[in-house]
file structure.tsv (TSV, C-alpha atoms)
chain	number	residue	atom	x	y	z
S	1	LYS	CA	51.78	105.07	71.08
S	2	MET	CA	52.50	101.76	69.33
S	3	GLN	CA	50.19	101.97	66.35
S	4	LYS	CA	52.38	99.92	64.01
S	5	ILE	CA	54.63	97.07	65.16
S	6	LEU	CA	56.88	94.67	63.25
S	7	ILE	CA	58.25	91.39	64.63
S	8	ILE	CA	61.18	89.80	62.78
S	9	GLN	CA	61.96	86.07	63.05
S	10	THR	CA	63.49	84.61	59.91
S	11	ALA	CA	64.83	81.35	61.38
S	12	PHE	CA	63.24	77.89	61.48
S	13	ILE	CA	59.66	76.68	62.02
S	14	GLY	CA	60.13	76.20	65.76
S	15	ASP	CA	61.63	79.67	66.19
S	16	VAL	CA	58.60	81.27	64.52
S	17	ILE	CA	56.19	79.29	66.70
S	18	LEU	CA	58.09	80.27	69.86
S	19	ALA	CA	57.75	83.91	68.81
S	20	THR	CA	53.94	83.79	68.71
S	21	PRO	CA	53.52	84.68	72.44
S	22	LEU	CA	54.80	88.14	71.49
S	23	ILE	CA	51.88	88.54	69.09
S	24	GLU	CA	49.35	87.62	71.78
S	25	THR	CA	51.05	89.79	74.44
S	26	LEU	CA	51.31	92.84	72.18
S	27	ARG	CA	47.69	92.43	71.10
S	28	LEU	CA	46.58	92.47	74.76
S	29	GLN	CA	48.60	95.62	75.48
S	30	PHE	CA	47.93	97.43	72.20
S	31	PRO	CA	44.48	96.19	71.08
S	32	TYR	CA	44.20	98.67	68.20
S	33	SER	CA	47.72	98.43	66.82
S	34	LYS	CA	48.65	96.87	63.48
S	35	ILE	CA	51.09	94.02	64.07
S	36	ASP	CA	53.13	92.68	61.15
S	37	PHE	CA	55.46	89.68	61.18
S	38	LEU	CA	58.48	88.97	58.95
S	39	VAL	CA	59.43	85.32	58.27
S	40	LYS	CA	61.64	83.54	55.76
S	41	ASN	CA	60.04	82.04	52.69
S	42	GLY	CA	58.35	78.73	53.51
S	43	ASN	CA	57.20	79.68	56.99
S	44	GLN	CA	54.49	82.20	56.05
S	45	ASN	CA	51.73	79.57	56.13
S	46	LEU	CA	52.22	79.25	59.89
S	47	LEU	CA	50.88	82.78	60.35
S	48	ILE	CA	48.85	83.58	57.26
S	49	ASN	CA	45.52	83.05	59.08
S	50	HIS	CA	46.61	84.49	62.43
S	51	PRO	CA	43.72	86.67	63.67
S	52	ASN	CA	46.01	89.06	65.57
S	53	LEU	CA	48.29	89.87	62.67
S	54	ASN	CA	47.75	92.58	60.11
S	55	ARG	CA	50.26	91.28	57.57
S	56	VAL	CA	52.96	88.64	57.02
S	57	LEU	CA	56.09	89.79	55.19
S	58	VAL	CA	58.40	87.24	53.54
S	59	PHE	CA	62.19	87.23	53.22
S	60	ASP	CA	63.22	85.12	50.23
S	61	LYS	CA	66.69	83.87	51.17
S	62	SER	CA	67.19	82.34	47.72
S	63	LYS	CA	67.28	85.92	46.38
S	64	LYS	CA	68.91	87.34	49.46
S	65	ILE	CA	70.20	90.75	48.33
S	66	ILE	CA	67.22	91.57	46.10
S	67	SER	CA	64.73	90.47	48.74
S	68	LEU	CA	66.60	92.30	51.50
S	69	LEU	CA	66.62	95.60	49.61
S	70	ALA	CA	62.93	95.27	48.68
S	71	LEU	CA	62.01	94.51	52.29
S	72	LEU	CA	64.03	97.42	53.62
S	73	LYS	CA	62.21	99.78	51.26
S	74	GLU	CA	58.83	98.33	52.29
S	75	ILE	CA	59.63	98.49	56.01
S	76	ARG	CA	60.81	102.09	55.83
S	77	LYS	CA	57.65	103.03	53.96
S	78	GLU	CA	55.49	101.60	56.78
S	79	LYS	CA	57.02	103.93	59.40
S	80	TYR	CA	56.76	101.46	62.27
S	81	ASP	CA	56.61	102.70	65.84
S	82	LEU	CA	58.33	99.55	67.09
S	83	VAL	CA	60.48	96.87	65.43
S	84	ILE	CA	61.31	93.76	67.47
S	85	ASN	CA	64.09	91.61	66.03
S	86	LEU	CA	64.33	88.08	67.45
S	87	GLN	CA	66.98	86.97	64.96
S	88	ARG	CA	70.69	87.28	65.67
S	89	PHE	CA	72.16	87.62	62.18
S	90	PHE	CA	73.34	90.55	60.09
S	91	SER	CA	70.47	90.61	57.57
S	92	SER	CA	67.77	91.02	60.22
S	93	GLY	CA	69.97	93.53	62.04
S	94	LEU	CA	70.22	95.56	58.85
S	95	LEU	CA	66.44	95.62	58.42
S	96	THR	CA	66.02	96.65	62.05
S	97	ALA	CA	68.77	99.24	62.29
S	98	PHE	CA	67.70	101.06	59.11
S	99	SER	CA	63.95	100.48	59.47
S	100	GLY	CA	63.28	104.09	60.39
S	101	ALA	CA	61.22	102.87	63.35
S	102	LYS	CA	60.86	105.09	66.40
S	103	GLU	CA	62.05	102.23	68.59
S	104	LYS	CA	64.20	99.25	67.61
S	105	ARG	CA	64.74	96.28	69.92
S	106	GLY	CA	66.75	93.08	69.61
S	107	PHE	CA	69.41	90.86	71.13
S	108	LYS	CA	72.99	91.94	71.83
S	109	LYS	CA	74.23	88.96	69.81
S	110	ASN	CA	73.09	90.69	66.62
S	111	PRO	CA	76.16	92.32	65.01
S	112	LEU	CA	74.21	95.55	64.45
S	113	SER	CA	72.64	95.72	67.92
S	114	PHE	CA	74.68	98.84	68.69
S	115	LEU	CA	72.31	100.64	66.32
S	116	PHE	CA	69.18	99.44	68.17
S	117	THR	CA	67.31	101.60	70.67
S	118	LYS	CA	67.49	98.77	73.22
S	119	SER	CA	69.39	95.49	73.14
S	120	PHE	CA	69.05	92.48	75.43
S	121	ASP	CA	71.05	89.46	76.52
S	122	HIS	CA	70.32	86.07	74.97
S	123	THR	CA	71.86	83.34	77.11
S	124	VAL	CA	71.26	79.65	76.40
S	125	ASN	CA	71.46	76.98	79.13
S	126	ASN	CA	70.53	79.31	81.99
S	127	GLY	CA	67.14	77.70	82.70
S	128	LEU	CA	65.07	80.18	80.70
S	129	HIS	CA	62.82	78.99	77.91
S	130	GLU	CA	63.23	80.63	74.49
S	131	VAL	CA	59.73	82.08	74.91
S	132	GLU	CA	60.88	83.87	78.07
S	133	ARG	CA	64.01	85.16	76.34
S	134	ASN	CA	61.85	86.54	73.53
S	135	LEU	CA	59.32	88.12	75.87
S	136	ALA	CA	62.11	89.89	77.77
S	137	LEU	CA	62.30	92.27	74.79
S	138	ILE	CA	58.83	93.67	75.50
S	139	GLU	CA	58.07	92.94	79.16
S	140	ASP	CA	58.66	96.58	80.17
S	141	LEU	CA	55.98	97.63	77.64
S	142	CYS	CA	53.27	95.16	78.63
S	143	LYS	CA	51.24	94.76	81.80
S	144	LYS	CA	50.24	91.16	81.01
S	145	ILE	CA	52.48	88.52	79.45
S	146	PHE	CA	51.08	85.67	77.35
S	147	LYS	CA	53.60	82.81	77.56
S	148	SER	CA	51.96	80.09	75.48
S	149	PRO	CA	52.76	79.70	71.77
S	150	LYS	CA	49.63	79.62	69.66
S	151	LEU	CA	48.75	78.75	66.06
S	152	TYR	CA	45.42	79.07	64.30
S	153	PRO	CA	44.70	76.39	61.68
S	154	SER	CA	41.90	77.50	59.38
S	155	ALA	CA	38.47	75.89	59.09
S	156	SER	CA	39.53	74.34	55.78
S	157	GLU	CA	42.62	72.83	57.38
S	158	PHE	CA	40.55	71.29	60.17
S	159	LYS	CA	38.12	70.02	57.53
S	160	LYS	CA	41.00	68.44	55.57
S	161	ILE	CA	42.08	66.30	58.53
S	162	SER	CA	38.54	65.42	59.69
S	163	SER	CA	38.59	62.31	57.51
S	164	PHE	CA	41.49	60.99	59.60
S	165	GLN	CA	39.58	61.34	62.86
S	166	SER	CA	37.04	58.52	62.52
S	167	LYS	CA	38.60	56.81	65.55
S	168	SER	CA	41.07	57.62	68.31
S	169	TYR	CA	44.66	58.05	67.16
S	170	TYR	CA	48.26	58.85	68.07
S	171	CYS	CA	50.72	60.91	66.04
S	172	ILE	CA	54.39	60.02	65.58
S	173	ALA	CA	56.88	62.45	64.01
S	174	PRO	CA	60.03	60.32	63.80
S	175	SER	CA	62.31	62.47	61.66
S	176	SER	CA	64.68	65.39	62.17
S	177	VAL	CA	66.94	67.32	59.83
S	178	TRP	CA	69.85	66.36	62.10
S	179	PHE	CA	70.86	62.74	62.76
S	180	THR	CA	71.81	63.33	66.40
S	181	LYS	CA	68.42	64.94	67.18
S	182	GLN	CA	66.49	62.01	65.73
S	183	ALA	CA	65.64	58.99	67.88
S	184	PRO	CA	66.64	55.72	66.17
S	185	LYS	CA	64.05	53.70	64.22
S	186	SER	CA	64.07	51.05	66.97
S	187	VAL	CA	62.85	53.65	69.49
S	188	TRP	CA	59.84	54.51	67.36
S	189	ILE	CA	58.98	50.85	66.87
S	190	LYS	CA	59.18	50.27	70.65
S	191	THR	CA	57.06	53.38	71.22
S	192	ILE	CA	54.31	52.15	68.91
S	193	ASP	CA	54.45	48.62	70.34
S	194	SER	CA	54.02	50.06	73.86
S	195	ILE	CA	50.68	51.69	73.02
S	196	LYS	CA	48.08	49.63	74.84
S	197	ASP	CA	45.01	50.60	72.83
S	198	LYS	CA	45.44	48.34	69.81
S	199	ASN	CA	42.20	49.67	68.32
S	200	ALA	CA	43.69	53.14	67.92
S	201	LEU	CA	45.31	54.40	64.73
S	202	ILE	CA	48.94	55.48	64.45
S	203	TYR	CA	49.64	58.37	62.08
S	204	LEU	CA	53.24	58.85	61.00
S	205	ILE	CA	53.70	62.50	60.02
S	206	GLY	CA	56.44	64.61	58.44
S	207	SER	CA	57.52	66.05	55.11
S	208	SER	CA	57.79	64.16	51.83
S	209	GLU	CA	61.49	63.68	52.63
S	210	ASP	CA	60.45	61.65	55.69
S	211	PHE	CA	58.24	59.25	53.72
S	212	ASN	CA	60.78	56.45	53.41
S	213	LEU	CA	61.65	56.43	57.12
S	214	CYS	CA	57.94	56.39	58.02
S	215	GLU	CA	57.37	53.58	55.55
S	216	GLU	CA	60.18	51.52	57.08
S	217	ILE	CA	58.64	51.97	60.53
S	218	SER	CA	55.12	51.09	59.37
S	219	ILE	CA	56.33	47.84	57.77
S	220	GLU	CA	57.76	46.71	61.12
S	221	ILE	CA	54.47	47.18	63.01
S	222	LYS	CA	52.12	44.20	63.04
S	223	ASN	CA	49.74	44.56	65.98
S	224	ILE	CA	48.25	48.04	65.40
S	225	GLU	CA	47.11	49.95	62.31
S	226	VAL	CA	49.69	52.44	61.06
S	227	LYS	CA	49.20	55.01	58.29
S	228	ASN	CA	52.00	56.94	56.65
S	229	LEU	CA	50.95	60.58	56.13
S	230	ALA	CA	54.45	61.94	55.52
S	231	GLY	CA	54.30	64.52	52.74
S	232	LYS	CA	50.50	64.46	52.60
S	233	LEU	CA	49.75	67.25	55.08
S	234	SER	CA	50.80	70.88	55.32
S	235	LEU	CA	52.34	72.21	58.53
S	236	MET	CA	49.04	73.67	59.69
S	237	GLU	CA	47.11	70.53	58.74
S	238	SER	CA	49.63	68.57	60.81
S	239	ALA	CA	49.02	70.99	63.70
S	240	ALA	CA	45.27	70.41	63.41
S	241	LEU	CA	45.82	66.64	63.39
S	242	ILE	CA	48.11	66.83	66.43
S	243	LYS	CA	45.48	68.80	68.33
S	244	GLY	CA	43.05	65.87	68.17
S	245	ALA	CA	45.56	63.12	68.97
S	246	ILE	CA	45.52	61.15	72.21
S	247	ARG	CA	49.24	61.84	72.31
S	248	THR	CA	52.01	62.87	69.92
S	249	PHE	CA	55.58	61.54	70.07
S	250	VAL	CA	58.32	63.77	68.65
S	251	ASN	CA	62.03	64.61	68.57
S	252	ASP	CA	63.54	67.95	69.56
S	253	SER	CA	62.33	69.43	66.26
S	254	GLY	CA	59.53	71.38	64.57
S	255	PRO	CA	56.60	69.02	65.42
S	256	LEU	CA	57.42	69.48	69.12
S	257	HIS	CA	56.57	73.16	68.80
S	258	LEU	CA	53.46	72.43	66.72
S	259	ALA	CA	52.23	70.34	69.68
S	260	SER	CA	53.03	73.15	72.12
S	261	ALA	CA	51.18	75.66	69.96
S	262	MET	CA	48.07	73.43	69.96
S	263	ASN	CA	48.50	72.61	73.69
S	264	ALA	CA	48.38	68.93	72.71
S	265	PRO	CA	49.65	66.03	74.89
S	266	VAL	CA	53.22	65.33	73.81
S	267	THR	CA	56.21	63.12	74.59
S	268	VAL	CA	59.60	64.41	73.44
S	269	TYR	CA	62.76	62.40	72.89
S	270	PHE	CA	65.87	64.50	73.50
S	271	CYS	CA	68.96	62.83	72.05
S	272	SER	CA	72.09	64.97	71.67
S	273	THR	CA	70.47	68.22	72.80
S	274	SER	CA	68.94	69.17	76.16
S	275	PRO	CA	65.70	70.82	77.30
S	276	SER	CA	67.91	73.08	79.43
S	277	PHE	CA	68.69	75.01	76.24
S	278	GLY	CA	65.16	76.41	76.46
S	279	PHE	CA	63.36	74.66	73.63
S	280	GLY	CA	61.38	72.08	75.59
S	281	PRO	CA	57.63	71.35	75.38
S	282	LEU	CA	55.09	73.88	76.69
S	283	SER	CA	51.90	71.80	76.51
S	284	ASP	CA	50.04	71.33	79.81
S	285	ASP	CA	50.51	67.57	79.37
S	286	SER	CA	54.12	67.04	78.32
S	287	GLU	CA	56.78	64.42	78.98
S	288	ILE	CA	60.52	64.52	78.30
S	289	ILE	CA	62.52	61.32	77.79
S	290	GLU	CA	66.31	61.52	77.60
S	291	VAL	CA	69.39	59.55	78.60
S	292	LYS	CA	70.97	61.24	81.60
S	293	ASN	CA	74.48	61.15	83.07
S	294	LEU	CA	76.25	60.94	79.72
S	295	SER	CA	79.51	62.91	79.84
S	296	CYS	CA	79.17	63.83	76.15
S	297	LYS	CA	75.53	65.06	76.33
S	298	PRO	CA	74.61	67.66	75.29
S	299	CYS	CA	77.25	67.83	72.58
S	300	GLY	CA	76.02	71.10	71.08
S	301	LEU	CA	73.13	73.51	70.74
S	302	HIS	CA	72.22	72.10	67.33
S	303	GLY	CA	72.35	68.58	65.93
S	304	TYR	CA	75.07	66.87	63.90
S	305	LYS	CA	75.01	64.65	60.82
S	306	SER	CA	76.64	61.90	62.88
S	307	CYS	CA	77.55	61.25	66.50
S	308	PRO	CA	80.86	62.99	67.31
S	309	LYS	CA	81.77	60.06	69.57
S	310	GLY	CA	80.63	57.37	67.17
S	311	HIS	CA	78.33	55.51	69.59
S	312	PHE	CA	75.12	57.67	69.69
S	313	GLU	CA	74.24	56.40	73.18
S	314	CYS	CA	71.97	59.41	73.77
S	315	GLY	CA	69.65	57.94	71.13
S	316	GLU	CA	70.26	54.20	71.31
S	317	LYS	CA	69.61	54.04	75.08
S	318	LEU	CA	66.38	56.09	75.12
S	319	LEU	CA	64.12	53.05	75.62
call {"tool": "encode", "arguments": {"input": "structure.tsv", "output": "structure tokens"}}
result
Amino acid sequence: KMQKILIIQTAFIGDVILATPLIETLRLQFPYSKIDFLVKNGNQNLLINHPNLNRVLVFDKSKKIISLLALLKEIRKEKYDLVINLQRFFSSGLLTAFSGAKEKRGFKKNPLSFLFTKSFDHTVNNGLHEVERNLALIEDLCKKIFKSPKLYPSASEFKKISSFQSKSYYCIAPSSVWFTKQAPKSVWIKTIDSIKDKNALIYLIGSSEDFNLCEEISIEIKNIEVKNLAGKLSLMESAALIKGAIRTFVNDSGPLHLASAMNAPVTVYFCSTSPSFGFGPLSDDSEIIEVKNLSCKPCGLHGYKSCPKGHFECGEKLL
């Protein structure tokens, strides 16, 4: 009955990764269906080689109206049996509501949810992980639920990082878009200094914008070899590298979810946010480090450019 399915998640890297259990679950339930996935421009490489997807559609937010109209035309032409909208904004609601799909599902927080066939609650800080909130949209359709996020780096991406795997190594992703979600530089230096195997390599990873921070950290380290790979690897190459690491240390940010998707050992520093929001690690071997019993923590669902209180104790007191 569900021959053609579309999943919509046009938010950030982590949000797309935490939507991948829907792909696996729907594939188990509907093994012969064609499953498409809509992401915003820049995130398509996360899914381009996914073996359970038929097609990845791209929403170019830099050309919002033009892209939106073109996508709506394309989606209506496909005649989907089911559209699942995980995003809670008007643009995705528009694509869902007027998709022409036989069944349209999404969250009640979407302003156009009244036009969906079924709409569901999305409550943060109630103990549920975001993966569970997403899966609630299809659990009545599926006999088995696949709860683990999963990415599929290609053979060429694994080959690219093979040259970095000549010896055992750790990965460190020290940066975040938001200041209050990023552990201070001193925390990363202490983390690296605490690694007992001084023969191992330390790879600092991130985007090209993170290069300077990674360089500052590497200069401070004297007793173990550190290499700055910021800006030198794609997202999927970073995921492949994380998979082979002894352990990866991250903030509450995108690399955390890369580690979860590769089921890699991971330690997460939560500064201003909280794992209770539902975005914590899902690897079998995972550790959360945070400062507890702070009256001001968490100070919001997302990060800030500076500490609202001016002291940033949730970061400074991590280690």
call {"tool": "closest_atom_pairs", "arguments": {"input": "structure.tsv", "of": "range 100-203 of chain S", "to": "range 8-20 of chain S", "cutoff": "9 Å", "atoms": "only C-alpha atoms", "output": "JSON lines"}}
result
{"residue": "S:Glu130", "atom": "CA", "partner": "S:Leu18", "partner_atom": "CA", "distance": 6.9}
{"residue": "S:Val131", "atom": "CA", "partner": "S:Leu18", "partner_atom": "CA", "distance": 5.6}
{"residue": "S:Asn134", "atom": "CA", "partner": "S:Ala19", "partner_atom": "CA", "distance": 6.8}
{"residue": "S:Leu135", "atom": "CA", "partner": "S:Ala19", "partner_atom": "CA", "distance": 8.4}
{"residue": "S:Lys147", "atom": "CA", "partner": "S:Thr20", "partner_atom": "CA", "distance": 8.9}
{"residue": "S:Ser148", "atom": "CA", "partner": "S:Thr20", "partner_atom": "CA", "distance": 8.0}
{"residue": "S:Pro149", "atom": "CA", "partner": "S:Thr20", "partner_atom": "CA", "distance": 5.2}
{"residue": "S:Lys150", "atom": "CA", "partner": "S:Thr20", "partner_atom": "CA", "distance": 6.1}
{"residue": "S:Leu151", "atom": "CA", "partner": "S:Ile17", "partner_atom": "CA", "distance": 7.5}
call {"tool": "atom_distance", "arguments": {"input": "structure.tsv", "atom1": "CA of Gly280 in chain S", "atom2": "CA of Ile202 in chain S"}}
result
23.5 Å
call {"tool": "residues_around", "arguments": {"input": "structure.tsv", "residues": "range 74-91 of chain S", "least_positions_apart": "4", "cutoff": "10 Å", "atoms": "all atoms listed in the file", "output": "ChimeraX atom specification"}}
result
/S:1-11,15-16,19,22,33-38,57,59,64-65,68-70,95-113,116-119,122,133-135,137-138
call {"tool": "atom_distance", "arguments": {"input": "structure.tsv", "atom1": "CA of Asp285 in chain S", "atom2": "CA of Pro265 in chain S"}}
result
4.8 Å
call {"tool": "atom_distance", "arguments": {"input": "structure.tsv", "atom1": "CA of Ile48 in chain S", "atom2": "CA of Ser238 in chain S"}}
result
15.4 Å
call {"tool": "closest_residue", "arguments": {"input": "structure.tsv", "among": "S:Leu256, S:Ile172, S:Cys142, S:Leu115", "to": "Ile217 in chain S", "atoms": "only C-alpha atoms"}}
result
S:Ile172
call {"tool": "closest_residue", "arguments": {"input": "structure.tsv", "among": "S:Tyr152, S:Phe312, S:Phe120, S:Tyr169", "to": "Asn49 in chain S", "atoms": "all atoms listed in the file"}}
result
S:Tyr152
